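Engineer: Sharing a structure here in structure tokens format.
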Amino acid sequence: MNFVYERKINYYETDKMGIVHHSNYIRFLEEARCYMQDKSKMPYSIFETQGVMIPVLGVNVKYKHPVTFDDVIIIKLFVKDFNGVRLTVGYEITNKKNGELVLTGETKHCFTDFDLKPVRLQKQMPEFYDRFVEIM
């Protein structure tokens with residue numbers, strides 16, 4: 001299942017060259033991931049109240065075309081892989097005004113307790129395990 005998240009680029013997210021600074025894309029991916037979890041009825045805040053965190057293990061992105069202040073980006077994201085302990089989310093960002101591909105990438109995560117020890121989601125939060133399986 002694909003999710004689509006739209007956002008407008010703010011002036012403060014640009015650099016001296018007038019384009020979005022590369023580090024901001026990591027934030028955009030996180031916004032989109034939280035949006036996906038909200039739309040799937042498993043907001044991140046519920047994970048934390050249940051003692052589960054979802055830290056980032058890795059980020060891999062390829063920048064294709066820049067965007068600038070006032071552009072609107074469309075982030076398409078989907079669950080690439082999920083085994084109950086680890087999660088990989090794929091992303092494709094395009095510029096809404098011209099359809100140019102801006103970025104492709106993925107983030108890798110794991111489910112842990114507050115001591116950063118791995119958690120099996122099927123055991124800890126079975127209803128959310130089932131939802132991740134459904135949206136794959």
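Chain labels A, B, ... are given in the sequence in which chains occur in the structure tokens; within each chain residues are numbered consecutively from 1, and ligands are likewise numbered from 1 in the order shown.
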If you run DSSP on the backbone here, which positions in chain A get alpha helix (DSSP H)? Please write them as JSON, numbers by chain.

Structural biologist: {"A": [24, 25, 26, 27, 28, 29, 30, 31, 32, 33, 34, 35, 36, 37, 38, 39, 44, 45, 46, 47, 48, 49, 121, 122, 123, 124, 126, 127, 128, 129, 130, 131, 132, 133, 134, 135]}

Engineer: Quick one: write out the picked residues with N, CA and C atoms as an mmCIF file, in the first residue's frame?

Structural biologist:
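Ended up saving to again18.cif:
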data_model
loop_
_atom_site.group_PDB
_atom_site.id
_atom_site.type_symbol
_atom_site.label_atom_id
_atom_site.label_comp_id
_atom_site.auth_asym_id
_atom_site.auth_seq_id
_atom_site.Cartn_x
_atom_site.Cartn_y
_atom_site.Cartn_z
ATOM 1 N N ASN A 24 17.472 18.650 5.317
ATOM 2 C CA ASN A 24 16.040 18.772 5.586
ATOM 3 C C ASN A 24 15.226 17.591 5.040
ATOM 4 N N TYR A 25 15.745 16.934 4.026
ATOM 5 C CA TYR A 25 15.000 15.813 3.458
ATOM 6 C C TYR A 25 14.794 14.699 4.481
ATOM 7 N N ILE A 26 15.750 14.524 5.387
ATOM 8 C CA ILE A 26 15.605 13.504 6.428
ATOM 9 C C ILE A 26 14.396 13.836 7.297
ATOM 10 N N ARG A 27 14.211 15.108 7.598
ATOM 11 C CA ARG A 27 13.027 15.545 8.357
ATOM 12 C C ARG A 27 11.747 15.287 7.571
ATOM 13 N N PHE A 28 11.789 15.576 6.277
ATOM 14 C CA PHE A 28 10.602 15.369 5.446
ATOM 15 C C PHE A 28 10.198 13.893 5.440
ATOM 16 N N LEU A 29 11.197 13.013 5.374
ATOM 17 C CA LEU A 29 10.902 11.573 5.390
ATOM 18 C C LEU A 29 10.262 11.181 6.714
ATOM 19 N N GLU A 30 10.757 11.742 7.809
ATOM 20 C CA GLU A 30 10.172 11.429 9.114
ATOM 21 C C GLU A 30 8.742 11.940 9.216
ATOM 22 N N GLU A 31 8.488 13.151 8.718
ATOM 23 C CA GLU A 31 7.115 13.671 8.702
ATOM 24 C C GLU A 31 6.193 12.713 7.947
ATOM 25 N N ALA A 32 6.653 12.267 6.791
ATOM 26 C CA ALA A 32 5.844 11.369 5.967
ATOM 27 C C ALA A 32 5.618 10.033 6.675
ATOM 28 N N ARG A 33 6.644 9.534 7.345
ATOM 29 C CA ARG A 33 6.526 8.253 8.068
ATOM 30 C C ARG A 33 5.514 8.381 9.201
ATOM 31 N N CYS A 34 5.552 9.482 9.938
ATOM 32 C CA CYS A 34 4.564 9.708 11.006
ATOM 33 C C CYS A 34 3.160 9.822 10.423
ATOM 34 N N TYR A 35 3.053 10.480 9.267
ATOM 35 C CA TYR A 35 1.766 10.578 8.566
ATOM 36 C C TYR A 35 1.248 9.178 8.208
ATOM 37 N N MET A 36 2.128 8.327 7.681
ATOM 38 C CA MET A 36 1.744 6.960 7.320
ATOM 39 C C MET A 36 1.235 6.210 8.546
ATOM 40 N N GLN A 37 1.931 6.351 9.666
ATOM 41 C CA GLN A 37 1.500 5.658 10.875
ATOM 42 C C GLN A 37 0.164 6.200 11.375
ATOM 43 N N ASP A 38 -0.031 7.517 11.311
ATOM 44 C CA ASP A 38 -1.318 8.096 11.708
ATOM 45 C C ASP A 38 -2.443 7.576 10.825
ATOM 46 N N LYS A 39 -2.226 7.598 9.507
ATOM 47 C CA LYS A 39 -3.253 7.127 8.567
ATOM 48 C C LYS A 39 -3.546 5.644 8.745
ATOM 49 N N TYR A 44 2.715 7.104 16.323
ATOM 50 C CA TYR A 44 3.954 6.867 17.055
ATOM 51 C C TYR A 44 3.767 7.032 18.556
ATOM 52 N N SER A 45 2.930 7.970 18.965
ATOM 53 C CA SER A 45 2.727 8.232 20.400
ATOM 54 C C SER A 45 2.195 7.001 21.132
ATOM 55 N N ILE A 46 1.387 6.193 20.467
ATOM 56 C CA ILE A 46 0.868 4.973 21.104
ATOM 57 C C ILE A 46 1.994 3.968 21.321
ATOM 58 N N PHE A 47 2.914 3.889 20.374
ATOM 59 C CA PHE A 47 4.055 2.993 20.551
ATOM 60 C C PHE A 47 4.798 3.348 21.836
ATOM 61 N N GLU A 48 5.056 4.646 22.014
ATOM 62 C CA GLU A 48 5.803 5.072 23.191
ATOM 63 C C GLU A 48 5.049 4.805 24.492
ATOM 64 N N THR A 49 3.732 4.988 24.498
ATOM 65 C CA THR A 49 2.975 4.691 25.722
ATOM 66 C C THR A 49 2.980 3.197 26.019
ATOM 67 N N LEU A 121 7.361 -7.152 17.686
ATOM 68 C CA LEU A 121 6.089 -6.434 17.657
ATOM 69 C C LEU A 121 4.898 -7.393 17.742
ATOM 70 N N GLN A 122 5.025 -8.566 17.171
ATOM 71 C CA GLN A 122 3.923 -9.537 17.206
ATOM 72 C C GLN A 122 3.574 -9.916 18.640
ATOM 73 N N LYS A 123 4.559 -9.942 19.515
ATOM 74 C CA LYS A 123 4.324 -10.286 20.916
ATOM 75 C C LYS A 123 3.911 -9.055 21.729
ATOM 76 N N GLN A 124 4.608 -7.928 21.519
ATOM 77 C CA GLN A 124 4.393 -6.722 22.315
ATOM 78 C C GLN A 124 3.120 -5.959 21.931
ATOM 79 N N PRO A 126 0.478 -6.941 19.124
ATOM 80 C CA PRO A 126 0.031 -7.774 18.004
ATOM 81 C C PRO A 126 -0.903 -7.067 17.026
ATOM 82 N N GLU A 127 -1.743 -6.140 17.524
ATOM 83 C CA GLU A 127 -2.661 -5.447 16.611
ATOM 84 C C GLU A 127 -1.892 -4.551 15.631
ATOM 85 N N PHE A 128 -0.775 -3.964 16.073
ATOM 86 C CA PHE A 128 0.027 -3.141 15.184
ATOM 87 C C PHE A 128 0.890 -3.998 14.258
ATOM 88 N N TYR A 129 1.301 -5.153 14.744
ATOM 89 C CA TYR A 129 1.999 -6.096 13.878
ATOM 90 C C TYR A 129 1.099 -6.442 12.690
ATOM 91 N N ASP A 130 -0.158 -6.757 12.980
ATOM 92 C CA ASP A 130 -1.117 -7.101 11.920
ATOM 93 C C ASP A 130 -1.326 -5.945 10.946
ATOM 94 N N ARG A 131 -1.364 -4.719 11.447
ATOM 95 C CA ARG A 131 -1.553 -3.554 10.565
ATOM 96 C C ARG A 131 -0.360 -3.360 9.638
ATOM 97 N N PHE A 132 0.847 -3.547 10.160
ATOM 98 C CA PHE A 132 2.030 -3.450 9.283
ATOM 99 C C PHE A 132 1.989 -4.518 8.208
ATOM 100 N N VAL A 133 1.579 -5.718 8.570
ATOM 101 C CA VAL A 133 1.466 -6.790 7.572
ATOM 102 C C VAL A 133 0.436 -6.398 6.509
ATOM 103 N N GLU A 134 -0.677 -5.815 6.923
ATOM 104 C CA GLU A 134 -1.732 -5.387 5.997
ATOM 105 C C GLU A 134 -1.254 -4.321 5.008
ATOM 106 N N ILE A 135 -0.482 -3.348 5.474
ATOM 107 C CA ILE A 135 -0.087 -2.255 4.595
ATOM 108 C C ILE A 135 1.127 -2.586 3.723
#

Engineer: Residues of stretch 17-128 of chain A classed as strand (DSSP E) by DSSP on the backbone are to be reported as a PyMOL selection string.

Structural biologist: chain A and resi 56-63+72-82+86-95+101-110

Engineer: Selected residues, C-alpha atoms, written as a PDB file, in the first residue's frame, please.

Structural biologist:
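As written to disk, result_9.pdb reads:
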ATOM      1  CA  VAL A  56      16.398   4.764  12.699  1.00  0.00           C
ATOM      2  CA  LEU A  57      19.126   2.271  11.816  1.00  0.00           C
ATOM      3  CA  GLY A  58      20.020   3.780   8.465  1.00  0.00           C
ATOM      4  CA  VAL A  59      19.076   6.222   5.747  1.00  0.00           C
ATOM      5  CA  ASN A  60      19.903   5.833   2.069  1.00  0.00           C
ATOM      6  CA  VAL A  61      18.821   8.563  -0.341  1.00  0.00           C
ATOM      7  CA  LYS A  62      19.672   9.727  -3.846  1.00  0.00           C
ATOM      8  CA  TYR A  63      19.104  13.383  -4.637  1.00  0.00           C
ATOM      9  CA  VAL A  72       5.214  21.742  -2.981  1.00  0.00           C
ATOM     10  CA  ILE A  73       6.662  18.263  -2.752  1.00  0.00           C
ATOM     11  CA  ILE A  74       4.773  14.996  -2.927  1.00  0.00           C
ATOM     12  CA  ILE A  75       6.244  12.172  -0.880  1.00  0.00           C
ATOM     13  CA  LYS A  76       5.089   8.687  -1.835  1.00  0.00           C
ATOM     14  CA  LEU A  77       6.052   6.100   0.742  1.00  0.00           C
ATOM     15  CA  PHE A  78       5.473   2.430   1.358  1.00  0.00           C
ATOM     16  CA  VAL A  79       6.605  -0.399   3.594  1.00  0.00           C
ATOM     17  CA  LYS A  80       9.318  -2.261   1.668  1.00  0.00           C
ATOM     18  CA  ASP A  81      10.089  -4.861   4.287  1.00  0.00           C
ATOM     19  CA  PHE A  82       8.772  -5.794   7.713  1.00  0.00           C
ATOM     20  CA  ARG A  86      12.823  -4.540  11.623  1.00  0.00           C
ATOM     21  CA  LEU A  87      11.080  -2.204   9.206  1.00  0.00           C
ATOM     22  CA  THR A  88      12.203  -0.677   5.900  1.00  0.00           C
ATOM     23  CA  VAL A  89      10.244   2.211   4.386  1.00  0.00           C
ATOM     24  CA  GLY A  90      10.733   3.310   0.757  1.00  0.00           C
ATOM     25  CA  TYR A  91      10.262   6.879  -0.502  1.00  0.00           C
ATOM     26  CA  GLU A  92       9.897   8.802  -3.739  1.00  0.00           C
ATOM     27  CA  ILE A  93       9.679  12.592  -3.671  1.00  0.00           C
ATOM     28  CA  THR A  94       8.475  14.601  -6.664  1.00  0.00           C
ATOM     29  CA  ASN A  95       7.972  18.303  -7.299  1.00  0.00           C
ATOM     30  CA  LEU A 101      11.784  13.313  -9.406  1.00  0.00           C
ATOM     31  CA  VAL A 102      13.491  14.995  -6.440  1.00  0.00           C
ATOM     32  CA  LEU A 103      14.650  12.076  -4.300  1.00  0.00           C
ATOM     33  CA  THR A 104      14.452   8.316  -3.942  1.00  0.00           C
ATOM     34  CA  GLY A 105      15.429   6.453  -0.833  1.00  0.00           C
ATOM     35  CA  GLU A 106      14.696   4.295   2.137  1.00  0.00           C
ATOM     36  CA  THR A 107      14.961   4.308   5.901  1.00  0.00           C
ATOM     37  CA  LYS A 108      15.615   1.253   8.054  1.00  0.00           C
ATOM     38  CA  HIS A 109      14.246   0.925  11.570  1.00  0.00           C
ATOM     39  CA  CYS A 110      13.869  -1.537  14.391  1.00  0.00           C
TER      40      CYS A 110
END

Engineer: A:Ile54, A:Ile19, A:Val85, A:Met136: which is nearest A:Asn2, counting only C-alpha atoms?

Structural biologist: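 Going through A:Ile54, A:Ile19, A:Val85, A:Met136 one by one, the smallest distance to A:Asn2 is for A:Met136.
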